[in-house]
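Listing of my_file34.txt, compact mmCIF, C-alpha atoms and all ligand atoms
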```
# COMPACT_ATOMS: atom_id res chain seq x y z
CA MET A 604 -12.46 31.50 -3.94
CA THR A 605 -15.93 30.08 -3.74
CA GLU A 606 -14.70 26.84 -2.23
CA THR A 607 -12.91 28.55 0.63
CA SER A 608 -15.36 27.60 3.36
CA ARG A 609 -15.15 23.95 2.36
CA LEU A 610 -11.37 24.06 2.35
CA GLU A 611 -11.08 25.29 5.93
CA GLY A 612 -11.42 23.42 9.16
CA ALA A 613 -9.51 22.40 12.26
CA VAL A 614 -6.22 20.79 11.36
CA GLY A 615 -4.40 18.18 13.40
CA ILE A 616 -0.94 19.73 13.31
CA GLU A 617 -2.30 23.13 14.42
CA LEU A 618 -4.16 21.67 17.38
CA GLY A 619 -1.28 19.44 18.45
CA ARG A 620 -2.56 16.08 17.17
CA GLN A 621 -0.80 13.60 14.95
CA THR A 622 -2.11 10.57 13.09
CA CYS A 623 -0.64 7.08 12.82
CA LEU A 624 -0.57 6.31 9.10
CA THR A 625 -0.82 2.57 9.74
CA CYS A 626 -3.85 2.31 12.06
CA PHE A 627 -5.10 5.93 11.86
CA GLN A 628 -5.07 6.38 15.61
CA LEU A 629 -5.22 10.06 16.60
CA ILE A 630 -2.43 10.85 19.05
CA ASP A 631 -2.04 13.86 21.35
CA GLY A 632 1.20 15.80 20.96
CA LEU A 633 3.45 16.39 17.97
CA GLU A 634 6.68 14.72 19.12
CA PRO A 635 7.78 11.87 16.84
CA GLY A 636 7.47 8.52 18.58
CA TYR A 637 5.59 5.25 18.40
CA CYS A 638 1.87 4.69 18.02
CA PRO A 639 0.38 3.47 21.32
CA ARG A 640 -2.07 1.26 19.45
CA CYS A 641 -0.11 -0.46 16.69
CA GLY A 642 3.49 0.34 17.65
CA GLU A 643 4.41 1.88 14.31
CA ARG A 644 6.61 4.98 14.10
CA VAL A 645 4.57 8.17 13.99
CA ALA A 646 5.35 11.78 13.14
CA ALA A 647 3.08 14.73 12.44
CA ARG A 648 4.38 14.70 8.84
CA ILE A 649 6.40 12.04 7.03
CA PRO A 650 10.02 13.00 7.87
CA GLU A 651 12.07 14.51 5.02
CA ALA A 652 9.18 13.81 2.64
CA ILE A 653 10.13 16.35 -0.01
CA SER A 654 13.87 15.70 -0.16
CA ARG A 655 13.32 11.94 -0.26
CA THR A 656 10.72 12.25 -3.00
CA TRP A 657 13.11 14.45 -4.99
CA ALA A 658 15.89 11.90 -4.58
CA TRP A 659 13.72 9.06 -5.89
CA VAL A 660 12.29 11.18 -8.71
CA ILE A 661 15.75 12.23 -9.91
CA THR A 662 16.99 8.62 -9.75
CA GLY A 663 13.97 7.45 -11.73
CA THR A 664 14.38 10.16 -14.35
CA LEU A 665 18.05 9.29 -14.88
CA LEU A 666 17.14 5.61 -15.30
CA LEU A 667 14.48 6.43 -17.90
CA TYR A 668 17.15 6.81 -20.55
CA PRO A 669 18.67 3.29 -20.30
CA ALA A 670 15.20 1.84 -19.66
CA ASN A 671 13.95 3.14 -22.99
CA LYS A 672 17.17 2.95 -24.98
CA LEU A 673 18.43 -0.53 -24.10
CA PRO A 674 16.69 -3.66 -25.40
CA VAL A 675 14.43 -5.33 -22.82
CA MET A 676 14.33 -8.69 -24.55
CA SER A 677 15.57 -10.60 -27.56
CA VAL A 678 13.63 -13.01 -29.74
CA THR A 679 15.58 -15.74 -31.55
CA ARG A 680 13.69 -17.53 -34.29
CA LEU A 681 15.41 -20.15 -36.47
CA GLY A 682 18.84 -18.74 -35.76
CA GLN A 683 17.93 -15.08 -36.27
CA THR A 684 17.98 -12.80 -33.25
CA GLU A 685 16.00 -9.58 -32.97
CA THR A 686 16.08 -7.31 -29.95
CA ASP A 687 13.13 -5.28 -28.71
CA SER A 688 13.16 -2.14 -26.63
CA ILE A 689 9.99 -1.10 -24.78
CA MET A 690 8.83 1.08 -27.66
CA GLY A 691 9.98 -1.56 -30.17
CA GLY A 692 7.72 -4.10 -28.46
CA VAL A 693 4.78 -1.70 -28.62
CA PHE A 694 5.50 -1.07 -32.30
CA THR A 695 5.71 -4.81 -33.06
CA LEU A 696 2.28 -5.34 -31.46
CA TYR A 697 0.90 -2.44 -33.46
CA GLN A 698 2.31 -3.81 -36.72
CA SER A 699 0.82 -7.25 -36.09
CA GLY A 700 -2.59 -5.61 -35.86
CA GLN A 701 -2.99 -5.83 -32.07
CA LEU A 702 -3.86 -2.18 -31.61
CA ALA A 703 -5.69 -2.54 -28.27
CA ILE A 704 -2.85 -4.55 -26.70
CA ALA A 705 -0.27 -2.16 -28.15
CA ILE A 706 -2.05 0.76 -26.48
CA LEU A 707 -2.32 -1.19 -23.21
CA VAL A 708 1.41 -1.94 -23.10
CA PHE A 709 2.25 1.61 -24.19
CA VAL A 710 0.13 3.10 -21.40
CA ALA A 711 1.48 0.74 -18.74
CA SER A 712 5.15 1.01 -19.72
CA VAL A 713 5.57 4.54 -21.04
CA VAL A 714 2.62 6.76 -20.08
CA VAL A 715 2.29 5.62 -16.46
CA PRO A 716 5.97 6.02 -15.45
CA GLY A 717 6.00 9.37 -17.30
CA ILE A 718 2.90 10.63 -15.47
CA LYS A 719 4.36 9.45 -12.17
CA LEU A 720 7.68 11.24 -12.56
CA LEU A 721 6.16 14.44 -13.98
CA GLY A 722 3.34 14.35 -11.43
CA LEU A 723 5.68 13.93 -8.47
CA THR A 724 7.92 16.72 -9.77
CA TYR A 725 4.86 18.96 -9.95
CA LEU A 726 3.76 17.90 -6.44
CA CYS A 727 7.16 18.68 -4.93
CA LEU A 728 7.39 22.04 -6.71
CA THR A 729 3.86 22.94 -5.58
CA VAL A 730 4.61 22.13 -1.95
CA GLN A 731 7.86 24.11 -2.06
CA TYR A 732 7.00 27.10 -4.25
CA GLY A 733 3.27 26.93 -5.18
CA ARG A 734 1.37 30.22 -4.86
CA ASN A 735 -1.95 29.89 -6.58
CA PHE A 736 -3.16 26.31 -6.68
CA ASN A 737 -6.26 24.33 -5.84
CA PRO A 738 -5.25 21.90 -3.07
CA LEU A 739 -8.12 19.57 -3.88
CA ARG A 740 -6.96 19.16 -7.47
CA VAL A 741 -3.35 18.66 -6.40
CA THR A 742 -4.46 16.00 -3.90
CA ARG A 743 -6.34 14.21 -6.69
CA LEU A 744 -3.18 14.24 -8.80
CA TYR A 745 -1.32 12.68 -5.88
CA ARG A 746 -3.95 9.93 -5.61
CA LEU A 747 -3.71 9.21 -9.34
CA VAL A 748 0.09 9.00 -9.17
CA HIS A 749 -0.14 6.73 -6.14
CA LEU A 750 -2.69 4.31 -7.59
CA ILE A 751 -1.45 3.75 -11.13
CA GLY A 752 2.18 2.95 -10.35
CA ARG A 753 1.97 -0.79 -9.82
CA TRP A 754 0.49 -1.43 -13.27
CA SER A 755 3.82 -0.49 -14.87
CA LEU A 756 5.26 -3.82 -13.75
CA LEU A 757 3.14 -5.39 -16.49
CA ASP A 758 6.11 -5.38 -18.86
CA LEU A 759 8.37 -7.12 -16.35
CA PHE A 760 5.80 -9.89 -15.78
CA LEU A 761 5.30 -10.19 -19.52
CA ILE A 762 9.05 -10.69 -20.00
CA SER A 763 9.23 -13.32 -17.25
CA ILE A 764 6.32 -15.24 -18.81
CA LEU A 765 7.80 -15.08 -22.32
CA VAL A 766 11.27 -16.11 -21.18
CA ALA A 767 9.93 -19.23 -19.46
CA LEU A 768 7.48 -20.09 -22.22
CA VAL A 769 9.63 -19.70 -25.32
CA ASN A 770 12.75 -21.66 -24.55
CA LEU A 771 13.01 -24.12 -27.44
CA GLY A 772 16.74 -23.99 -28.11
CA SER A 773 17.66 -22.77 -31.58
CA ILE A 774 14.10 -23.00 -32.92
CA ALA A 775 12.66 -20.22 -30.82
CA ARG A 776 14.00 -18.54 -27.75
CA ILE A 777 13.18 -15.35 -25.86
CA GLU A 778 15.73 -13.90 -23.46
CA ALA A 779 15.66 -10.93 -21.12
CA GLN A 780 18.11 -8.08 -21.80
CA SER A 781 19.67 -5.42 -19.63
CA GLY A 782 17.01 -2.80 -20.44
CA ALA A 783 14.54 -4.88 -18.44
CA THR A 784 16.62 -4.36 -15.29
CA ALA A 785 16.68 -0.60 -15.84
CA PHE A 786 12.96 -0.55 -16.59
CA ALA A 787 11.95 -2.56 -13.52
CA THR A 788 14.16 -0.34 -11.37
CA VAL A 789 12.42 2.78 -12.72
CA VAL A 790 9.06 1.33 -11.69
CA ILE A 791 10.26 0.40 -8.21
CA VAL A 792 11.92 3.79 -7.75
CA THR A 793 8.71 5.62 -8.72
CA MET A 794 6.78 3.47 -6.24
CA PHE A 795 9.19 4.49 -3.49
CA ALA A 796 8.92 8.11 -4.64
CA SER A 797 5.14 8.23 -4.29
CA HIS A 798 5.36 6.53 -0.90
CA SER A 799 7.82 9.11 0.42
CA PHE A 800 5.51 11.99 -0.45
CA ASP A 801 3.12 13.35 2.19
CA PRO A 802 -0.09 14.83 0.68
CA ARG A 803 -0.81 16.75 3.89
CA LEU A 804 2.04 19.08 2.87
CA ILE A 805 -0.14 20.29 -0.02
CA TRP A 806 -2.71 21.57 2.50
CA ASP A 807 0.00 22.99 4.77
CA ARG A 808 1.35 24.99 1.84
CA HIS A 809 -2.18 26.10 0.91
CA ARG A 810 -2.80 27.41 4.44
CA LYS A 811 0.55 29.17 4.48
CA VAL A 812 -0.15 30.91 1.16
CA GLN A 813 -3.62 31.93 2.35
CA ALA A 814 -2.24 33.29 5.62
CA ASP A 815 0.46 35.28 3.79
CA GLY A 816 -2.31 36.75 1.64
CA MET B 1374 -19.81 25.29 9.13
CA SER B 1375 -22.85 26.33 7.12
CA ASN B 1376 -24.83 26.96 10.30
CA GLY B 1377 -22.11 29.24 11.61
CA VAL B 1378 -20.56 26.85 14.11
CA ASP B 1379 -16.81 27.05 14.05
CA PRO B 1380 -15.56 23.51 14.51
CA ARG B 1381 -12.59 24.87 16.44
CA LEU B 1382 -15.00 26.14 19.06
CA GLY B 1383 -18.05 24.00 18.56
CA TYR B 1384 -16.65 20.75 19.90
CA SER B 1385 -14.61 19.95 22.94
CA ALA B 1386 -11.06 18.85 22.22
CA SER B 1387 -11.80 15.27 23.19
CA ALA B 1388 -14.45 15.01 20.48
CA TRP B 1389 -11.87 14.61 17.69
CA GLN B 1390 -11.73 10.99 16.68
CA ARG B 1391 -9.46 11.14 13.72
CA ALA B 1392 -7.51 13.38 11.38
CA CYS B 1393 -7.71 12.78 7.63
CA HIS B 1394 -4.50 10.98 6.58
CA GLU B 1395 -4.34 12.96 3.33
CA CYS B 1396 -5.17 16.52 4.44
CA ASP B 1397 -4.99 16.44 8.27
CA LEU B 1398 -8.57 17.72 8.74
CA LEU B 1399 -9.82 16.83 12.21
CA LEU B 1400 -13.04 14.82 12.24
CA ILE B 1401 -15.48 13.83 14.93
CA GLU B 1402 -16.43 10.52 13.38
CA ASN B 1403 -14.13 7.75 12.31
CA THR B 1404 -16.32 4.74 11.56
CA ALA B 1405 -19.04 4.33 8.97
CA PRO B 1406 -22.18 2.26 9.54
CA VAL B 1407 -22.09 -1.22 8.03
CA GLY B 1408 -22.40 -1.12 4.25
CA HIS B 1409 -21.38 2.52 4.08
CA ARG B 1410 -18.17 4.45 3.79
CA ILE B 1411 -17.03 7.84 4.95
CA LEU B 1412 -15.02 10.23 2.85
CA CYS B 1413 -13.09 13.25 4.05
CA PRO B 1414 -15.43 16.24 3.60
CA ARG B 1415 -12.50 18.39 2.53
CA CYS B 1416 -10.26 16.29 0.28
CA GLY B 1417 -12.45 13.26 -0.45
CA ALA B 1418 -10.00 10.68 0.91
CA LEU B 1419 -11.59 7.33 1.79
CA LEU B 1420 -11.48 7.27 5.58
CA HIS B 1421 -13.37 4.09 6.31
CA ARG B 1422 -15.40 1.53 4.45
CA ALA B 1423 -17.47 -0.80 6.61
CA SER B 1424 -17.97 -3.98 4.66
CA LYS B 1425 -21.35 -5.68 4.63
CA HIS B 1426 -19.57 -8.96 4.97
CA SER B 1427 -18.41 -10.17 8.31
CA ILE B 1428 -14.86 -10.85 9.37
CA GLY B 1429 -15.73 -14.53 8.80
CA TYR B 1430 -16.19 -13.75 5.12
CA THR B 1431 -12.60 -12.46 4.86
CA ALA B 1432 -11.41 -15.58 6.69
CA ALA B 1433 -13.30 -17.85 4.29
CA MET B 1434 -12.07 -16.03 1.19
CA SER B 1435 -8.45 -16.02 2.30
CA LEU B 1436 -8.63 -19.71 3.25
CA ALA B 1437 -10.04 -20.53 -0.20
CA GLY B 1438 -7.28 -18.40 -1.71
CA LEU B 1439 -4.61 -20.31 0.23
CA VAL B 1440 -5.97 -23.65 -0.97
CA LEU B 1441 -5.96 -22.38 -4.57
CA PHE B 1442 -2.49 -20.93 -4.13
CA ILE B 1443 -0.85 -24.36 -4.42
CA PRO B 1444 -2.27 -25.48 -7.81
CA ALA B 1445 -2.13 -21.93 -9.15
CA ASN B 1446 1.60 -21.85 -8.47
CA LEU B 1447 2.51 -25.37 -9.49
CA LEU B 1448 0.34 -26.04 -12.53
CA PRO B 1449 1.34 -24.53 -15.88
CA LEU B 1450 -0.61 -21.42 -16.90
CA LEU B 1451 0.27 -21.39 -20.58
CA THR B 1452 1.78 -23.82 -23.06
CA PHE B 1453 3.68 -22.99 -26.20
CA SER B 1454 4.65 -25.26 -29.03
CA LEU B 1455 6.43 -24.82 -32.31
CA ALA B 1456 7.62 -27.39 -34.81
CA GLY B 1457 7.10 -30.28 -32.44
CA TYR B 1458 8.85 -28.68 -29.48
CA SER B 1459 6.91 -27.29 -26.57
CA GLY B 1460 7.38 -25.21 -23.45
CA GLU B 1461 5.26 -24.44 -20.41
CA ASN B 1462 4.97 -21.50 -18.08
CA ALA B 1463 4.00 -21.76 -14.44
CA LEU B 1464 4.39 -18.87 -11.98
CA TYR B 1465 7.71 -20.15 -10.67
CA THR B 1466 9.26 -21.06 -14.04
CA GLY B 1467 9.43 -17.39 -15.02
CA VAL B 1468 11.33 -16.67 -11.81
CA LEU B 1469 13.70 -19.61 -12.42
CA ALA B 1470 14.30 -18.66 -16.05
CA LEU B 1471 15.25 -15.09 -15.12
CA TYR B 1472 17.47 -16.37 -12.32
CA ARG B 1473 19.31 -18.78 -14.64
CA GLU B 1474 19.95 -16.05 -17.17
CA GLY B 1475 21.60 -13.99 -14.46
CA PHE B 1476 18.82 -11.46 -13.91
CA ILE B 1477 18.73 -12.03 -10.17
CA TRP B 1478 17.19 -8.68 -9.31
CA LEU B 1479 14.36 -9.23 -11.81
CA ALA B 1480 13.85 -12.81 -10.59
CA LEU B 1481 13.57 -11.55 -7.00
CA LEU B 1482 11.11 -8.85 -8.01
CA VAL B 1483 8.86 -11.25 -9.93
CA PHE B 1484 9.08 -13.73 -7.04
CA LEU B 1485 8.14 -11.04 -4.52
CA CYS B 1486 5.22 -9.58 -6.50
CA SER B 1487 3.68 -12.71 -7.96
CA MET B 1488 4.33 -15.32 -5.25
CA LEU B 1489 5.68 -14.18 -1.89
CA ALA B 1490 3.61 -11.04 -1.27
CA PRO B 1491 0.30 -12.62 -2.40
CA LEU B 1492 0.99 -15.62 -0.15
CA LEU B 1493 1.88 -13.47 2.87
CA LYS B 1494 -1.16 -11.30 2.22
CA LEU B 1495 -3.51 -14.31 2.29
CA LEU B 1496 -1.82 -15.77 5.36
CA ALA B 1497 -2.02 -12.44 7.17
CA LEU B 1498 -5.67 -11.89 6.26
CA LEU B 1499 -6.59 -15.38 7.45
CA PHE B 1500 -4.59 -15.05 10.67
CA ILE B 1501 -5.97 -11.60 11.46
CA SER B 1502 -9.61 -12.38 10.75
CA ALA B 1503 -9.55 -15.75 12.49
CA GLY B 1504 -7.33 -14.73 15.41
CA SER B 1505 -8.75 -11.31 16.24
CA SER B 1506 -11.41 -12.72 18.56
CA TRP B 1507 -8.90 -14.56 20.75
CA PRO B 1508 -7.27 -12.27 23.37
CA PRO B 1509 -3.96 -14.20 23.80
CA LEU B 1510 -3.18 -13.52 20.12
CA ARG B 1511 -3.84 -9.78 20.42
CA ASP B 1512 -0.25 -8.62 19.99
CA TYR B 1513 0.47 -11.02 17.14
CA VAL B 1514 -2.67 -9.94 15.31
CA ALA B 1515 -1.65 -6.30 15.77
CA ALA B 1516 1.82 -7.06 14.37
CA ALA B 1517 0.35 -8.91 11.37
CA LEU B 1518 -2.05 -6.04 10.71
CA ARG B 1519 0.81 -3.56 10.79
CA LYS B 1520 2.96 -5.64 8.42
CA LEU B 1521 0.00 -6.20 6.10
CA GLU B 1522 -0.28 -2.45 5.47
CA HIS B 1523 3.31 -2.50 4.24
CA PHE B 1524 3.55 -5.53 2.01
CA GLN B 1525 0.10 -5.78 0.49
CA GLN B 1526 1.02 -3.17 -2.12
CA TRP B 1527 3.60 -5.64 -3.46
CA ALA B 1528 1.01 -8.33 -4.14
CA MET B 1529 0.33 -7.91 -7.84
CA LEU B 1530 -1.68 -10.93 -8.94
CA ASP B 1531 -3.93 -8.70 -11.03
CA VAL B 1532 -1.04 -7.08 -12.89
CA TYR B 1533 0.51 -10.51 -13.53
CA MET B 1534 -2.83 -11.73 -14.92
CA LEU B 1535 -2.79 -8.85 -17.39
CA GLY B 1536 0.74 -9.94 -18.34
CA VAL B 1537 -0.58 -13.45 -19.08
CA LEU B 1538 -3.27 -12.00 -21.34
CA VAL B 1539 -0.79 -9.82 -23.20
CA ALA B 1540 1.53 -12.83 -23.62
CA LEU B 1541 -1.38 -14.79 -25.13
CA VAL B 1542 -1.88 -12.14 -27.79
CA LYS B 1543 1.77 -11.42 -28.38
CA LEU B 1544 2.82 -15.01 -29.00
CA GLY B 1545 -0.16 -15.88 -31.16
CA ASP B 1546 1.79 -15.43 -34.37
CA LEU B 1547 5.08 -16.95 -33.19
CA GLY B 1548 3.76 -20.47 -32.53
CA ASP B 1549 0.88 -22.45 -31.04
CA LEU B 1550 -0.17 -21.05 -27.75
CA GLY B 1551 -2.52 -22.81 -25.39
CA ILE B 1552 -4.16 -22.23 -22.05
CA ALA B 1553 -3.30 -24.79 -19.37
CA ASN B 1554 -5.34 -25.78 -16.31
CA GLY B 1555 -3.34 -23.67 -13.91
CA ILE B 1556 -4.82 -20.51 -15.35
CA TYR B 1557 -8.29 -21.37 -13.96
CA CYS B 1558 -6.84 -21.91 -10.48
CA TYR B 1559 -4.91 -18.69 -10.90
CA ALA B 1560 -8.01 -16.70 -11.90
CA ALA B 1561 -9.93 -18.15 -8.94
CA LEU B 1562 -7.01 -17.32 -6.63
CA MET B 1563 -7.02 -13.75 -7.90
CA LEU B 1564 -10.77 -13.50 -7.31
CA CYS B 1565 -10.55 -14.86 -3.73
CA SER B 1566 -7.62 -12.63 -2.91
CA THR B 1567 -9.39 -9.54 -4.28
CA LEU B 1568 -12.64 -10.32 -2.44
CA ALA B 1569 -10.79 -11.03 0.81
CA ALA B 1570 -8.91 -7.73 0.65
CA ALA B 1571 -11.86 -5.68 -0.62
CA ASN B 1572 -14.07 -6.74 2.27
CA PHE B 1573 -11.36 -6.52 4.89
CA ASP B 1574 -12.08 -3.83 7.45
CA ALA B 1575 -8.87 -3.01 9.32
CA GLU B 1576 -10.61 -0.38 11.43
CA ALA B 1577 -13.08 -2.96 12.77
CA ILE B 1578 -10.16 -5.22 13.73
CA TRP B 1579 -8.34 -2.38 15.51
CA LEU B 1580 -11.52 -1.60 17.46
CA ARG B 1581 -11.75 -5.27 18.46
CA LEU B 1582 -8.12 -5.23 19.58
CA ASP B 1583 -8.69 -1.99 21.51
CA ALA B 1584 -11.54 -3.63 23.37
CA MET B 1585 -9.23 -6.47 24.42
CA SER B 1586 -6.58 -4.37 26.07
CA PRO B 1587 -7.95 -1.07 27.32
CA GLN B 1588 -4.70 -0.39 29.17
CA GLU B 1589 -2.96 0.03 25.82
CA LEU B 1590 -5.28 2.78 24.65
CA PRO B 1591 -3.77 6.25 24.65
CA ALA B 1592 -4.68 8.31 27.67
ZN ZN A 1601 -8.89 14.87 3.91
```
Would you write out, as structure tokens, the structure that this file holds?
Ligand SMILES: [Zn+2]
Amino acid sequence: MTETSRLEGAVGIELGRQTCLTCFQLIDGLEPGYCPRCGERVAARIPEAISRTWAWVITGTLLLYPANKLPVMSVTRLGQTETDSIMGGVFTLYQSGQLAIAILVFVASVVVPGIKLLGLTYLCLTVQYGRNFNPLRVTRLYRLVHLIGRWSLLDLFLISILVALVNLGSIARIEAQSGATAFATVVIVTMFASHSFDPRLIWDRHRKVQADG
Amino acid sequence: MSNGVDPRLGYSASAWQRACHECDLLLIENTAPVGHRILCPRCGALLHRASKHSIGYTAAMSLAGLVLFIPANLLPLLTFSLAGYSGENALYTGVLALYREGFIWLALLVFLCSMLAPLLKLLALLFISAGSSWPPLRDYVAAALRKLEHFQQWAMLDVYMLGVLVALVKLGDLGDLGIANGIYCYAALMLCSTLAAANFDAEAIWLRLDAMSPQELPA
């Protein structure tokens, strides 16, 4: 590997130092405890990172089905009620000629949660079984997964705005439906999942693989 | 490393200032000069960004944000009318509507992300930047700083704003949709909140707090 020299260096856990993830204080010793500067819990690595991430990822994946299958809202216009699922809403926007907005909602509600769940699955598998991987690229994937997650709540906010705005009795009325609960829960679960993961494990695995040869 | 110095041998153990929080690489510097930032040489993680603006700037921005918070939350953002009937949407009406329909979990989530977390974030930023120079407040500032790291990810004013824009487009063909005054306060609030957080330098505050109570520094 041409990058090898850049990928090496002294590592905290090997020299008996741990880092507080809240204030980034460097602490001598590897015993879990409390940060002397900010008082937050510290450990050399986030405890149970992989099993917790797996638990959240599996929960999120199971909830994907109701989140996409069930209607997220219903629109009543002059006595006629139509229900919309996430994809139905995207399709309605597309049909009304709002291509850019349709793509925006599709990316935020479907692509982003999908990337998060697939990405975290890949991250966990890499840390547990990876043999030949570029730790820099895997770390970048982690950063992507971590940053994009919050934008998925777009659909929930949209529903809350529409429900409050269009409440004109039998003339026009928008109501939330049970799919919205499942969808919002998927987003929250994926946020917890990416917060349970510890990217330093990627580099630990990389060193282990290199040492094993 | 390029000049053949092994960092494991080249520096004394006390020279390490920090380990990268994303790859655990030990580093001998942990603060960037003002106006610059330092990235991890191995994984590229952002380790520190020293804002050009002073701590007073964060205080001013968060104070402005707090003032704007009241109209932005109480005034309607959008209006909708159809066949002589009309409805309004303010930040809190969406929460109330979801709550009344029985979606308590969703109502709580929208309340947390669009109102509570942004408010706490502004309060914390103001308290930290204004209080960090006063030694008696040291422990409270440290506690606020610690909490801020946890709840600021739940402040989603920007995502909510995008929701408002999508709603504008989506409802265009259902009835008459209008922009109400609250939206300007809301946009200004979002701007202040973003500027306050973007220029906030937690590391600089921690260094200030360290200087106040040397006995609390690790041995
Ligand atoms: Zn790094």
At a cut-off of 10 Å and counting all atoms listed in the file, what residues surround ligand ZN 1601 (chain A)? Please answer as a list in words.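 My answer, listing the contacting residues, is Leu610, Val614, Leu739, Thr742, Pro802, Arg803 and Trp806 of chain A; Ala1392, Cys1393, His1394, Glu1395, Cys1396, Asp1397, Leu1398, Leu1399, Leu1400, Leu1412, Cys1413, Pro1414, Arg1415, Cys1416, Gly1417, Ala1418, Leu1419 and Leu1420 of chain B.
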Select from chain A every residue with an atom at most 7 Å from any atom of chain B, then for each give the shortest pair of atoms and their distance in Å to one decimal, using all atoms listed in the file, rows by chain and rising number, as CSV.
```
residue,atom,partner,partner_atom,distance
A:Arg609,CA,B:Arg1415,CA,6.2
A:Leu610,CA,B:Arg1415,CA,5.8
A:Gly612,CA,B:Leu1398,CA,6.4
A:Ala613,CA,B:Leu1399,CA,5.6
A:Val614,CA,B:Leu1398,CA,4.7
A:Gly615,CA,B:Asp1397,CA,5.4
A:Thr622,CA,B:Ala1392,CA,6.3
A:Leu624,CA,B:His1394,CA,6.6
A:Thr625,CA,B:Arg1519,CA,6.4
A:Gln628,CA,B:Arg1391,CA,6.7
A:Leu629,CA,B:Arg1391,CA,5.2
A:Pro639,CA,B:Pro1591,CA,6.0
A:Arg640,CA,B:Leu1590,CA,6.3
A:Cys641,CA,B:Ala1515,CA,6.1
A:Leu696,CA,B:Lys1543,CA,6.8
A:Ile704,CA,B:Val1539,CA,6.7
A:Leu739,CA,B:Cys1416,CA,5.7
A:Trp754,CA,B:Val1532,CA,5.9
A:Leu757,CA,B:Gly1536,CA,5.5
A:Phe760,CA,B:Gly1536,CA,5.7
A:Leu761,CA,B:Gly1536,CA,4.7
A:Ser763,CA,B:Gly1467,CA,4.6
A:Ile764,CA,B:Gly1467,CA,5.4
A:Leu765,CA,B:Ala1540,CA,6.8
A:Val766,CA,B:Ala1470,CA,6.5
A:Ala767,CA,B:Gly1467,CA,4.8
A:Leu768,CA,B:Asn1462,CA,5.0
A:Val769,CA,B:Gly1460,CA,6.2
A:Asn770,CA,B:Gly1460,CA,6.5
A:Leu771,CA,B:Tyr1458,CA,6.5
A:Thr784,CA,B:Leu1479,CA,6.4
A:Pro802,CA,B:Glu1395,CA,5.3
A:Arg803,CA,B:Cys1396,CA,4.4
A:Trp806,CA,B:Cys1396,CA,5.9
```
Given the choices A:Arg743, A:Lys719, A:Arg620, A:His798, which gets closest to Thr656 of chain A if the distance is worked out from only C-alpha atoms?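 Nearest to Thr656 of chain A: A:His798.
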Identify, on the basis of only C-alpha atoms, every residue whose closest approach to Phe1442 of chain B does not exceed 8 Å; exclude the query and any residue fewer than 2 positions from it along the same chain; express the result as a PDB file with C-alpha atoms, in the frame of the given file.
```pdb
ATOM      1  CA  GLY B1438      -7.280 -18.400  -1.710  1.00  0.00           C
ATOM      2  CA  LEU B1439      -4.610 -20.310   0.230  1.00  0.00           C
ATOM      3  CA  VAL B1440      -5.970 -23.650  -0.970  1.00  0.00           C
ATOM      4  CA  PRO B1444      -2.270 -25.480  -7.810  1.00  0.00           C
ATOM      5  CA  ALA B1445      -2.130 -21.930  -9.150  1.00  0.00           C
ATOM      6  CA  ASN B1446       1.600 -21.850  -8.470  1.00  0.00           C
ATOM      7  CA  LEU B1492       0.990 -15.620  -0.150  1.00  0.00           C
ATOM      8  CA  CYS B1558      -6.840 -21.910 -10.480  1.00  0.00           C
ATOM      9  CA  TYR B1559      -4.910 -18.690 -10.900  1.00  0.00           C
ATOM     10  CA  LEU B1562      -7.010 -17.320  -6.630  1.00  0.00           C
TER      11      LEU B1562
END
```
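The gap separating atom CA of Leu1564 of chain B from atom CA of Gly752 of chain A is 21.2 Å, in Å to one decimal.
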